[in-house]
>>> print(open('data19.txt').read())   # compact mmCIF, N, CA and C atoms
# COMPACT_ATOMS: atom_id res chain seq x y z
N MET A 25 4.03 -14.01 32.34
CA MET A 25 4.23 -12.87 31.46
C MET A 25 5.00 -13.29 30.22
N GLU A 26 6.04 -14.09 30.42
CA GLU A 26 6.85 -14.53 29.29
C GLU A 26 6.05 -15.43 28.35
N LYS A 27 5.18 -16.27 28.91
CA LYS A 27 4.34 -17.14 28.08
C LYS A 27 3.39 -16.32 27.22
N GLN A 28 2.87 -15.23 27.76
CA GLN A 28 1.98 -14.36 27.00
C GLN A 28 2.73 -13.72 25.83
N SER A 29 3.96 -13.30 26.08
CA SER A 29 4.77 -12.68 25.03
C SER A 29 5.06 -13.67 23.91
N VAL A 30 5.40 -14.89 24.28
CA VAL A 30 5.68 -15.92 23.28
C VAL A 30 4.42 -16.25 22.48
N ALA A 31 3.28 -16.34 23.17
CA ALA A 31 2.02 -16.62 22.48
C ALA A 31 1.66 -15.50 21.52
N LEU A 32 1.91 -14.25 21.93
CA LEU A 32 1.63 -13.11 21.08
C LEU A 32 2.53 -13.12 19.84
N LEU A 33 3.79 -13.44 20.03
CA LEU A 33 4.72 -13.52 18.90
C LEU A 33 4.31 -14.62 17.93
N LYS A 34 3.87 -15.76 18.45
CA LYS A 34 3.42 -16.85 17.59
C LYS A 34 2.18 -16.45 16.81
N THR A 35 1.25 -15.77 17.46
CA THR A 35 0.02 -15.31 16.79
C THR A 35 0.37 -14.31 15.70
N SER A 36 1.27 -13.38 15.99
CA SER A 36 1.69 -12.40 14.99
C SER A 36 2.39 -13.07 13.82
N ALA A 37 3.23 -14.05 14.13
CA ALA A 37 3.95 -14.75 13.07
C ALA A 37 2.98 -15.47 12.14
N VAL A 38 1.96 -16.10 12.70
CA VAL A 38 0.97 -16.80 11.88
C VAL A 38 0.19 -15.81 11.03
N LYS A 39 -0.18 -14.68 11.64
CA LYS A 39 -0.93 -13.66 10.92
C LYS A 39 -0.13 -13.15 9.73
N TYR A 40 1.15 -12.82 9.95
CA TYR A 40 1.98 -12.31 8.86
C TYR A 40 2.32 -13.40 7.86
N ALA A 41 2.42 -14.63 8.31
CA ALA A 41 2.70 -15.74 7.40
C ALA A 41 1.57 -15.91 6.40
N LEU A 42 0.36 -15.56 6.79
CA LEU A 42 -0.79 -15.64 5.88
C LEU A 42 -1.00 -14.34 5.11
N LEU A 43 -0.87 -13.21 5.77
CA LEU A 43 -1.18 -11.92 5.16
C LEU A 43 -0.14 -11.50 4.12
N LEU A 44 1.13 -11.65 4.42
CA LEU A 44 2.16 -11.14 3.52
C LEU A 44 2.19 -11.85 2.17
N PRO A 45 2.08 -13.18 2.10
CA PRO A 45 2.01 -13.81 0.78
C PRO A 45 0.76 -13.40 0.00
N LEU A 46 -0.36 -13.21 0.71
CA LEU A 46 -1.58 -12.74 0.04
C LEU A 46 -1.37 -11.33 -0.50
N LEU A 47 -0.73 -10.48 0.27
CA LEU A 47 -0.42 -9.13 -0.19
C LEU A 47 0.44 -9.18 -1.44
N ALA A 48 1.48 -10.00 -1.42
CA ALA A 48 2.36 -10.11 -2.58
C ALA A 48 1.61 -10.62 -3.80
N PHE A 49 0.80 -11.66 -3.61
CA PHE A 49 0.05 -12.23 -4.73
C PHE A 49 -0.87 -11.19 -5.37
N PHE A 50 -1.67 -10.51 -4.52
CA PHE A 50 -2.61 -9.53 -5.06
C PHE A 50 -1.91 -8.30 -5.61
N TYR A 51 -0.77 -7.92 -5.02
CA TYR A 51 0.00 -6.79 -5.55
C TYR A 51 0.49 -7.13 -6.96
N ILE A 52 1.02 -8.32 -7.14
CA ILE A 52 1.51 -8.73 -8.46
C ILE A 52 0.35 -8.84 -9.45
N ALA A 53 -0.74 -9.48 -9.04
CA ALA A 53 -1.89 -9.64 -9.93
C ALA A 53 -2.46 -8.28 -10.34
N LEU A 54 -2.61 -7.37 -9.38
CA LEU A 54 -3.12 -6.04 -9.70
C LEU A 54 -2.12 -5.26 -10.56
N GLY A 55 -0.82 -5.49 -10.33
CA GLY A 55 0.20 -4.85 -11.15
C GLY A 55 0.12 -5.30 -12.60
N LYS A 56 -0.03 -6.60 -12.81
CA LYS A 56 -0.18 -7.14 -14.17
C LYS A 56 -1.44 -6.58 -14.82
N LEU A 57 -2.52 -6.51 -14.04
CA LEU A 57 -3.77 -5.95 -14.55
C LEU A 57 -3.58 -4.48 -14.93
N SER A 58 -2.86 -3.73 -14.11
CA SER A 58 -2.61 -2.32 -14.39
C SER A 58 -1.82 -2.14 -15.68
N LEU A 59 -0.81 -2.98 -15.88
CA LEU A 59 0.02 -2.87 -17.09
C LEU A 59 -0.77 -3.22 -18.34
N GLY A 60 -1.80 -4.03 -18.20
CA GLY A 60 -2.63 -4.38 -19.34
C GLY A 60 -3.84 -3.48 -19.51
N PHE A 61 -4.10 -2.64 -18.51
CA PHE A 61 -5.31 -1.81 -18.50
C PHE A 61 -5.14 -0.55 -19.35
N ALA A 62 -4.27 0.31 -18.94
CA ALA A 62 -4.04 1.56 -19.66
C ALA A 62 -2.59 1.96 -19.47
N THR A 63 -1.84 1.90 -20.53
CA THR A 63 -0.42 2.23 -20.44
C THR A 63 -0.06 3.32 -21.45
N MET A 64 0.97 4.08 -21.09
CA MET A 64 1.51 5.08 -22.00
C MET A 64 2.35 4.38 -23.05
N PRO A 65 2.72 5.07 -24.11
CA PRO A 65 3.56 4.43 -25.13
C PRO A 65 4.86 3.84 -24.59
N GLU A 66 5.36 4.41 -23.50
CA GLU A 66 6.60 3.91 -22.89
C GLU A 66 6.38 2.63 -22.09
N GLY A 67 5.11 2.23 -21.94
CA GLY A 67 4.78 1.02 -21.19
C GLY A 67 4.45 1.27 -19.73
N ILE A 68 4.44 2.53 -19.31
CA ILE A 68 4.14 2.87 -17.92
C ILE A 68 2.63 2.89 -17.71
N ALA A 69 2.17 2.24 -16.66
CA ALA A 69 0.73 2.18 -16.37
C ALA A 69 0.23 3.55 -15.94
N VAL A 70 -0.88 3.96 -16.50
CA VAL A 70 -1.49 5.24 -16.13
C VAL A 70 -2.11 5.13 -14.74
N VAL A 71 -2.72 4.00 -14.47
CA VAL A 71 -3.33 3.73 -13.17
C VAL A 71 -2.62 2.51 -12.58
N TRP A 72 -2.14 2.63 -11.36
CA TRP A 72 -1.44 1.52 -10.71
C TRP A 72 -2.33 1.00 -9.57
N PHE A 73 -3.13 -0.01 -9.88
CA PHE A 73 -4.11 -0.56 -8.93
C PHE A 73 -3.51 -1.02 -7.60
N PRO A 74 -2.30 -1.57 -7.57
CA PRO A 74 -1.77 -2.02 -6.28
C PRO A 74 -1.63 -0.91 -5.25
N ASN A 75 -1.51 0.35 -5.69
CA ASN A 75 -1.42 1.44 -4.72
C ASN A 75 -2.68 1.53 -3.87
N GLY A 76 -3.83 1.21 -4.45
CA GLY A 76 -5.07 1.21 -3.68
C GLY A 76 -5.04 0.16 -2.58
N LEU A 77 -4.54 -1.02 -2.92
CA LEU A 77 -4.41 -2.10 -1.93
C LEU A 77 -3.48 -1.68 -0.80
N LEU A 78 -2.35 -1.14 -1.17
CA LEU A 78 -1.37 -0.73 -0.18
C LEU A 78 -1.89 0.42 0.69
N LEU A 79 -2.54 1.39 0.06
CA LEU A 79 -3.10 2.50 0.82
C LEU A 79 -4.15 2.00 1.82
N ALA A 80 -4.97 1.07 1.40
CA ALA A 80 -5.97 0.52 2.32
C ALA A 80 -5.31 -0.15 3.53
N LEU A 81 -4.26 -0.91 3.28
CA LEU A 81 -3.55 -1.55 4.40
C LEU A 81 -2.94 -0.50 5.33
N PHE A 82 -2.33 0.53 4.74
CA PHE A 82 -1.71 1.57 5.56
C PHE A 82 -2.76 2.34 6.38
N LEU A 83 -3.95 2.51 5.82
CA LEU A 83 -4.99 3.23 6.55
C LEU A 83 -5.63 2.38 7.64
N LEU A 84 -5.69 1.09 7.41
CA LEU A 84 -6.39 0.21 8.34
C LEU A 84 -5.50 -0.40 9.42
N ARG A 85 -4.22 -0.52 9.15
CA ARG A 85 -3.33 -1.22 10.08
C ARG A 85 -2.46 -0.23 10.84
N PRO A 86 -1.95 -0.61 12.01
CA PRO A 86 -1.11 0.30 12.81
C PRO A 86 0.26 0.53 12.16
N TYR A 87 0.85 1.67 12.52
CA TYR A 87 2.16 2.05 11.97
C TYR A 87 3.21 0.96 12.13
N LYS A 88 3.20 0.26 13.26
CA LYS A 88 4.25 -0.72 13.54
C LYS A 88 4.24 -1.88 12.53
N GLU A 89 3.14 -2.10 11.83
CA GLU A 89 3.07 -3.17 10.83
C GLU A 89 3.52 -2.71 9.44
N TRP A 90 3.62 -1.42 9.24
CA TRP A 90 3.92 -0.91 7.90
C TRP A 90 5.21 -1.47 7.34
N ILE A 91 6.21 -1.66 8.14
CA ILE A 91 7.51 -2.14 7.64
C ILE A 91 7.36 -3.50 6.95
N TRP A 92 6.49 -4.36 7.46
CA TRP A 92 6.30 -5.68 6.85
C TRP A 92 5.68 -5.56 5.46
N TYR A 93 4.75 -4.63 5.31
CA TYR A 93 4.13 -4.43 3.99
C TYR A 93 5.13 -3.84 3.01
N ILE A 94 5.94 -2.92 3.50
CA ILE A 94 6.97 -2.32 2.64
C ILE A 94 7.95 -3.39 2.16
N LEU A 95 8.38 -4.23 3.09
CA LEU A 95 9.34 -5.28 2.73
C LEU A 95 8.75 -6.29 1.75
N MET A 96 7.45 -6.50 1.78
CA MET A 96 6.82 -7.44 0.86
C MET A 96 6.54 -6.79 -0.50
N VAL A 97 6.28 -5.49 -0.50
CA VAL A 97 5.92 -4.82 -1.74
C VAL A 97 7.11 -4.69 -2.69
N ILE A 98 8.28 -4.49 -2.17
CA ILE A 98 9.45 -4.29 -3.05
C ILE A 98 9.69 -5.49 -3.95
N PRO A 99 9.79 -6.72 -3.43
CA PRO A 99 9.95 -7.85 -4.36
C PRO A 99 8.72 -8.07 -5.25
N ALA A 100 7.53 -7.79 -4.71
CA ALA A 100 6.32 -7.95 -5.52
C ALA A 100 6.33 -6.97 -6.69
N GLU A 101 6.78 -5.75 -6.44
CA GLU A 101 6.89 -4.75 -7.52
C GLU A 101 7.89 -5.21 -8.58
N LEU A 102 9.00 -5.77 -8.13
CA LEU A 102 9.99 -6.29 -9.09
C LEU A 102 9.39 -7.38 -9.96
N ILE A 103 8.67 -8.31 -9.35
CA ILE A 103 8.05 -9.40 -10.11
C ILE A 103 7.02 -8.86 -11.09
N ALA A 104 6.23 -7.87 -10.65
CA ALA A 104 5.19 -7.32 -11.52
C ALA A 104 5.79 -6.54 -12.69
N ASP A 105 6.93 -5.89 -12.48
CA ASP A 105 7.49 -4.98 -13.49
C ASP A 105 8.57 -5.58 -14.39
N ILE A 106 9.28 -6.59 -13.91
CA ILE A 106 10.46 -7.09 -14.62
C ILE A 106 10.22 -7.43 -16.09
N PRO A 107 9.13 -8.05 -16.46
CA PRO A 107 9.00 -8.36 -17.90
C PRO A 107 9.04 -7.13 -18.80
N GLN A 108 8.57 -5.98 -18.30
CA GLN A 108 8.52 -4.79 -19.13
C GLN A 108 9.61 -3.77 -18.82
N PHE A 109 10.19 -3.85 -17.64
CA PHE A 109 11.17 -2.85 -17.21
C PHE A 109 12.40 -3.52 -16.63
N SER A 110 13.50 -2.77 -16.58
CA SER A 110 14.73 -3.30 -15.98
C SER A 110 14.57 -3.34 -14.46
N VAL A 111 15.50 -4.01 -13.80
CA VAL A 111 15.47 -4.09 -12.33
C VAL A 111 15.59 -2.69 -11.74
N SER A 112 16.45 -1.88 -12.30
CA SER A 112 16.63 -0.51 -11.82
C SER A 112 15.34 0.30 -11.93
N GLN A 113 14.67 0.19 -13.06
CA GLN A 113 13.41 0.90 -13.25
C GLN A 113 12.34 0.38 -12.30
N ALA A 114 12.28 -0.93 -12.12
CA ALA A 114 11.29 -1.53 -11.22
C ALA A 114 11.52 -1.06 -9.78
N LEU A 115 12.78 -0.96 -9.36
CA LEU A 115 13.09 -0.46 -8.02
C LEU A 115 12.68 1.00 -7.87
N GLN A 116 12.88 1.76 -8.93
CA GLN A 116 12.45 3.17 -8.89
C GLN A 116 10.93 3.27 -8.78
N PHE A 117 10.22 2.44 -9.53
CA PHE A 117 8.76 2.42 -9.42
C PHE A 117 8.33 2.01 -8.02
N ALA A 118 9.02 1.04 -7.44
CA ALA A 118 8.69 0.61 -6.07
C ALA A 118 8.85 1.78 -5.10
N CYS A 119 9.93 2.51 -5.23
CA CYS A 119 10.17 3.65 -4.34
C CYS A 119 9.10 4.73 -4.53
N VAL A 120 8.77 5.03 -5.78
CA VAL A 120 7.75 6.04 -6.05
C VAL A 120 6.39 5.60 -5.51
N ASN A 121 6.02 4.36 -5.78
CA ASN A 121 4.71 3.86 -5.31
C ASN A 121 4.64 3.82 -3.80
N LEU A 122 5.71 3.38 -3.16
CA LEU A 122 5.74 3.37 -1.70
C LEU A 122 5.69 4.79 -1.16
N GLY A 123 6.43 5.70 -1.78
CA GLY A 123 6.42 7.10 -1.35
C GLY A 123 5.03 7.71 -1.44
N GLU A 124 4.35 7.44 -2.55
CA GLU A 124 3.00 7.97 -2.73
C GLU A 124 2.04 7.42 -1.67
N THR A 125 2.05 6.12 -1.49
CA THR A 125 1.09 5.53 -0.56
C THR A 125 1.43 5.83 0.90
N LEU A 126 2.71 5.82 1.23
CA LEU A 126 3.10 6.14 2.60
C LEU A 126 2.75 7.58 2.95
N SER A 127 3.08 8.51 2.06
CA SER A 127 2.78 9.91 2.36
C SER A 127 1.28 10.15 2.39
N SER A 128 0.54 9.54 1.48
CA SER A 128 -0.92 9.71 1.47
C SER A 128 -1.54 9.15 2.75
N ALA A 129 -1.15 7.95 3.12
CA ALA A 129 -1.70 7.34 4.33
C ALA A 129 -1.33 8.14 5.57
N TYR A 130 -0.08 8.57 5.64
CA TYR A 130 0.36 9.34 6.81
C TYR A 130 -0.43 10.65 6.93
N LEU A 131 -0.54 11.36 5.81
CA LEU A 131 -1.29 12.63 5.83
C LEU A 131 -2.76 12.41 6.18
N LEU A 132 -3.36 11.42 5.57
CA LEU A 132 -4.77 11.15 5.86
C LEU A 132 -4.98 10.78 7.32
N ARG A 133 -4.09 9.98 7.86
CA ARG A 133 -4.24 9.58 9.26
C ARG A 133 -4.02 10.75 10.20
N LYS A 134 -3.05 11.60 9.89
CA LYS A 134 -2.77 12.74 10.76
C LYS A 134 -3.88 13.79 10.67
N ILE A 135 -4.33 14.09 9.47
CA ILE A 135 -5.34 15.13 9.29
C ILE A 135 -6.71 14.66 9.76
N ALA A 136 -7.05 13.41 9.47
CA ALA A 136 -8.37 12.89 9.83
C ALA A 136 -8.47 12.55 11.31
N GLY A 137 -7.35 12.39 11.98
CA GLY A 137 -7.38 12.06 13.41
C GLY A 137 -7.82 10.64 13.65
N SER A 138 -8.46 10.41 14.78
CA SER A 138 -8.85 9.06 15.14
C SER A 138 -10.13 8.61 14.44
N GLU A 139 -10.86 9.53 13.84
CA GLU A 139 -12.12 9.19 13.15
C GLU A 139 -11.85 8.89 11.68
N ARG A 140 -11.35 7.68 11.41
CA ARG A 140 -11.02 7.28 10.04
C ARG A 140 -11.97 6.18 9.60
N SER A 141 -13.20 6.53 9.40
CA SER A 141 -14.18 5.53 9.04
C SER A 141 -14.83 5.90 7.71
N PHE A 142 -14.85 4.95 6.79
CA PHE A 142 -15.48 5.21 5.50
C PHE A 142 -17.00 5.13 5.63
N HIS A 143 -17.51 4.90 6.82
CA HIS A 143 -18.94 4.98 7.08
C HIS A 143 -19.33 6.43 7.37
N ASN A 144 -18.33 7.25 7.64
CA ASN A 144 -18.52 8.66 7.94
C ASN A 144 -18.43 9.46 6.64
N THR A 145 -19.51 10.12 6.23
CA THR A 145 -19.55 10.85 4.97
C THR A 145 -18.50 11.94 4.91
N GLN A 146 -18.28 12.63 6.01
CA GLN A 146 -17.26 13.68 6.03
C GLN A 146 -15.88 13.12 5.75
N TYR A 147 -15.58 11.97 6.29
CA TYR A 147 -14.27 11.36 6.07
C TYR A 147 -14.11 10.95 4.61
N VAL A 148 -15.15 10.39 4.01
CA VAL A 148 -15.09 9.99 2.61
C VAL A 148 -14.86 11.21 1.72
N LEU A 149 -15.60 12.28 1.96
CA LEU A 149 -15.41 13.51 1.18
C LEU A 149 -14.00 14.07 1.38
N PHE A 150 -13.53 14.04 2.61
CA PHE A 150 -12.18 14.50 2.91
C PHE A 150 -11.15 13.66 2.17
N PHE A 151 -11.34 12.36 2.17
CA PHE A 151 -10.45 11.43 1.47
C PHE A 151 -10.40 11.77 -0.02
N ILE A 152 -11.56 11.99 -0.63
CA ILE A 152 -11.63 12.29 -2.06
C ILE A 152 -10.95 13.62 -2.36
N ILE A 153 -11.18 14.62 -1.54
CA ILE A 153 -10.56 15.93 -1.77
C ILE A 153 -9.05 15.83 -1.67
N ILE A 154 -8.55 15.16 -0.65
CA ILE A 154 -7.10 15.00 -0.49
C ILE A 154 -6.53 14.24 -1.69
N ALA A 155 -7.20 13.18 -2.12
CA ALA A 155 -6.73 12.40 -3.26
C ALA A 155 -6.68 13.26 -4.52
N LEU A 156 -7.70 14.06 -4.74
CA LEU A 156 -7.72 14.94 -5.91
C LEU A 156 -6.61 16.00 -5.85
N VAL A 157 -6.40 16.58 -4.69
CA VAL A 157 -5.35 17.59 -4.53
C VAL A 157 -3.98 16.96 -4.78
N LEU A 158 -3.75 15.78 -4.23
CA LEU A 158 -2.48 15.10 -4.45
C LEU A 158 -2.29 14.73 -5.91
N GLU A 159 -3.35 14.30 -6.56
CA GLU A 159 -3.26 13.91 -7.97
C GLU A 159 -3.05 15.12 -8.87
N ILE A 160 -3.73 16.21 -8.58
CA ILE A 160 -3.54 17.43 -9.37
C ILE A 160 -2.12 17.94 -9.19
N GLY A 161 -1.62 17.87 -7.97
CA GLY A 161 -0.24 18.30 -7.69
C GLY A 161 0.78 17.44 -8.41
N ARG A 162 0.45 16.21 -8.65
CA ARG A 162 1.36 15.27 -9.34
C ARG A 162 1.39 15.52 -10.84
N ALA A 163 0.29 16.01 -11.39
CA ALA A 163 0.18 16.19 -12.85
C ALA A 163 1.02 17.31 -13.38
>>> encode(input="data19.txt", output="structure tokens")
Amino acid sequence: MEKQSVALLKTSAVKYALLLPLLAFFYIALGKLSLGFATMPEGIAVVWFPNGLLLALFLLRPYKEWIWYILMVIPAELIADIPQFSVSQALQFACVNLGETLSSAYLLRKIAGSERSFHNTQYVLFFIIIALVLEIGRA
């Protein structure tokens, strides 16, 4: 039993050792792309592409893994934002982006139940409606 636990921990460690740096790299790259894509006069990105990446991970992976993504996103957000914003502003953006994606993923998972498949037309329509409602509420 103990050998199985150790093997599982090693497998998880390898998985996160590969996944988390990839998450950080793509979060930073998408953040830079967002800042160059469409920004307000204040320099704030109108569309923040990394939120899509994070939302996908939150929808596809179990709750127990979310903490690892959150811990990786905060420094990645700082790296993506620091050239244009202060550390304080970048931390605020990290909190807002995490809040948006966490709440969206949580609501979608709770409302959609166990049938969370983008192969299911009803789920896709539900996803779009929830996204539109959340976006309209934000405006």
>>> residues_near_point(input="data19.txt", point="(2.8, 1.8, -18.9)", cutoff="12 Å", atoms="only C-alpha atoms", output="mmCIF file with N, CA and C atoms, in the frame of the given file")
data_model
loop_
_atom_site.group_PDB
_atom_site.id
_atom_site.type_symbol
_atom_site.label_atom_id
_atom_site.label_comp_id
_atom_site.auth_asym_id
_atom_site.auth_seq_id
_atom_site.Cartn_x
_atom_site.Cartn_y
_atom_site.Cartn_z
ATOM 1 N N GLY A 55 -0.820 -5.490 -10.330
ATOM 2 C CA GLY A 55 0.200 -4.850 -11.150
ATOM 3 C C GLY A 55 0.120 -5.300 -12.600
ATOM 4 N N LYS A 56 -0.030 -6.600 -12.810
ATOM 5 C CA LYS A 56 -0.180 -7.140 -14.170
ATOM 6 C C LYS A 56 -1.440 -6.580 -14.820
ATOM 7 N N LEU A 57 -2.520 -6.510 -14.040
ATOM 8 C CA LEU A 57 -3.770 -5.950 -14.550
ATOM 9 C C LEU A 57 -3.580 -4.480 -14.930
ATOM 10 N N SER A 58 -2.860 -3.730 -14.110
ATOM 11 C CA SER A 58 -2.610 -2.320 -14.390
ATOM 12 C C SER A 58 -1.820 -2.140 -15.680
ATOM 13 N N LEU A 59 -0.810 -2.980 -15.880
ATOM 14 C CA LEU A 59 0.020 -2.870 -17.090
ATOM 15 C C LEU A 59 -0.770 -3.220 -18.340
ATOM 16 N N GLY A 60 -1.800 -4.030 -18.200
ATOM 17 C CA GLY A 60 -2.630 -4.380 -19.340
ATOM 18 C C GLY A 60 -3.840 -3.480 -19.510
ATOM 19 N N PHE A 61 -4.100 -2.640 -18.510
ATOM 20 C CA PHE A 61 -5.310 -1.810 -18.500
ATOM 21 C C PHE A 61 -5.140 -0.550 -19.350
ATOM 22 N N ALA A 62 -4.270 0.310 -18.940
ATOM 23 C CA ALA A 62 -4.040 1.560 -19.660
ATOM 24 C C ALA A 62 -2.590 1.960 -19.470
ATOM 25 N N THR A 63 -1.840 1.900 -20.530
ATOM 26 C CA THR A 63 -0.420 2.230 -20.440
ATOM 27 C C THR A 63 -0.060 3.320 -21.450
ATOM 28 N N MET A 64 0.970 4.080 -21.090
ATOM 29 C CA MET A 64 1.510 5.080 -22.000
ATOM 30 C C MET A 64 2.350 4.380 -23.050
ATOM 31 N N PRO A 65 2.720 5.070 -24.110
ATOM 32 C CA PRO A 65 3.560 4.430 -25.130
ATOM 33 C C PRO A 65 4.860 3.840 -24.590
ATOM 34 N N GLU A 66 5.360 4.410 -23.500
ATOM 35 C CA GLU A 66 6.600 3.910 -22.890
ATOM 36 C C GLU A 66 6.380 2.630 -22.090
ATOM 37 N N GLY A 67 5.110 2.230 -21.940
ATOM 38 C CA GLY A 67 4.780 1.020 -21.190
ATOM 39 C C GLY A 67 4.450 1.270 -19.730
ATOM 40 N N ILE A 68 4.440 2.530 -19.310
ATOM 41 C CA ILE A 68 4.140 2.870 -17.920
ATOM 42 C C ILE A 68 2.630 2.890 -17.710
ATOM 43 N N ALA A 69 2.170 2.240 -16.660
ATOM 44 C CA ALA A 69 0.730 2.180 -16.370
ATOM 45 C C ALA A 69 0.230 3.550 -15.940
ATOM 46 N N VAL A 70 -0.880 3.960 -16.500
ATOM 47 C CA VAL A 70 -1.490 5.240 -16.130
ATOM 48 C C VAL A 70 -2.110 5.130 -14.740
ATOM 49 N N VAL A 71 -2.720 4.000 -14.470
ATOM 50 C CA VAL A 71 -3.330 3.730 -13.170
ATOM 51 C C VAL A 71 -2.620 2.510 -12.580
ATOM 52 N N TRP A 72 -2.140 2.630 -11.360
ATOM 53 C CA TRP A 72 -1.440 1.520 -10.710
ATOM 54 C C TRP A 72 -2.330 1.000 -9.570
ATOM 55 N N ALA A 104 6.230 -7.870 -10.650
ATOM 56 C CA ALA A 104 5.190 -7.320 -11.520
ATOM 57 C C ALA A 104 5.790 -6.540 -12.690
ATOM 58 N N ASP A 105 6.930 -5.890 -12.480
ATOM 59 C CA ASP A 105 7.490 -4.980 -13.490
ATOM 60 C C ASP A 105 8.570 -5.580 -14.390
ATOM 61 N N PRO A 107 9.130 -8.050 -16.460
ATOM 62 C CA PRO A 107 9.000 -8.360 -17.900
ATOM 63 C C PRO A 107 9.040 -7.130 -18.800
ATOM 64 N N GLN A 108 8.570 -5.980 -18.300
ATOM 65 C CA GLN A 108 8.520 -4.790 -19.130
ATOM 66 C C GLN A 108 9.610 -3.770 -18.820
ATOM 67 N N PHE A 109 10.190 -3.850 -17.640
ATOM 68 C CA PHE A 109 11.170 -2.850 -17.210
ATOM 69 C C PHE A 109 12.400 -3.520 -16.630
ATOM 70 N N ALA A 114 12.280 -0.930 -12.120
ATOM 71 C CA ALA A 114 11.290 -1.530 -11.220
ATOM 72 C C ALA A 114 11.520 -1.060 -9.780
ATOM 73 N N PHE A 117 10.220 2.440 -9.530
ATOM 74 C CA PHE A 117 8.760 2.420 -9.420
ATOM 75 C C PHE A 117 8.330 2.010 -8.020
#
>>> atom_distance(input="data19.txt", atom1="atom CA of A:Ala80", atom2="atom N of A:Leu102")
19.3 Å
>>> residues_around(input="data19.txt", residues="A:Leu83", least_positions_apart="3", cutoff="7 Å", atoms="only N, CA and C atoms", output="ChimeraX atom specification")
/A:78-80,86,129,133
>>> residues_around(input="data19.txt", residues="A:Val120", least_positions_apart="2", cutoff="12 Å", atoms="only C-alpha atoms", output="list of chain:residue names")
A:Trp72, A:Asn75, A:Val97, A:Ile98, A:Glu101, A:Gln113, A:Ala114, A:Leu115, A:Gln116, A:Phe117, A:Ala118, A:Leu122, A:Gly123, A:Glu124, A:Thr125, A:Leu126, A:Ser127, A:Arg162
>>> select_by_dssp(input="data19.txt", residues="stretch 48-130 of chain A", states="helix (DSSP H, G or I)", output="ChimeraX atom specification")
/A:48-61,74-84,87-105,111-130
>>> residues_around(input="data19.txt", residues="stretch 145-150 of chain A", least_positions_apart="6", cutoff="10 Å", atoms="only C-alpha atoms", output="list in words")
Leu132, Ile135, Ala136, Glu139 and Leu156 of chain A
>>> atom_distance(input="data19.txt", atom1="atom C of A:Tyr51", atom2="atom C of A:Trp92")
13.6 Å
>>> closest_residue(input="data19.txt", among="A:Leu131, A:Leu158, A:Ile106, A:Leu95", to="A:Pro45", atoms="only C-alpha atoms")
A:Leu95
>>> atom_distance(input="data19.txt", atom1="atom CA of A:Ala48", atom2="atom CA of A:Ala100")
5.4 Å
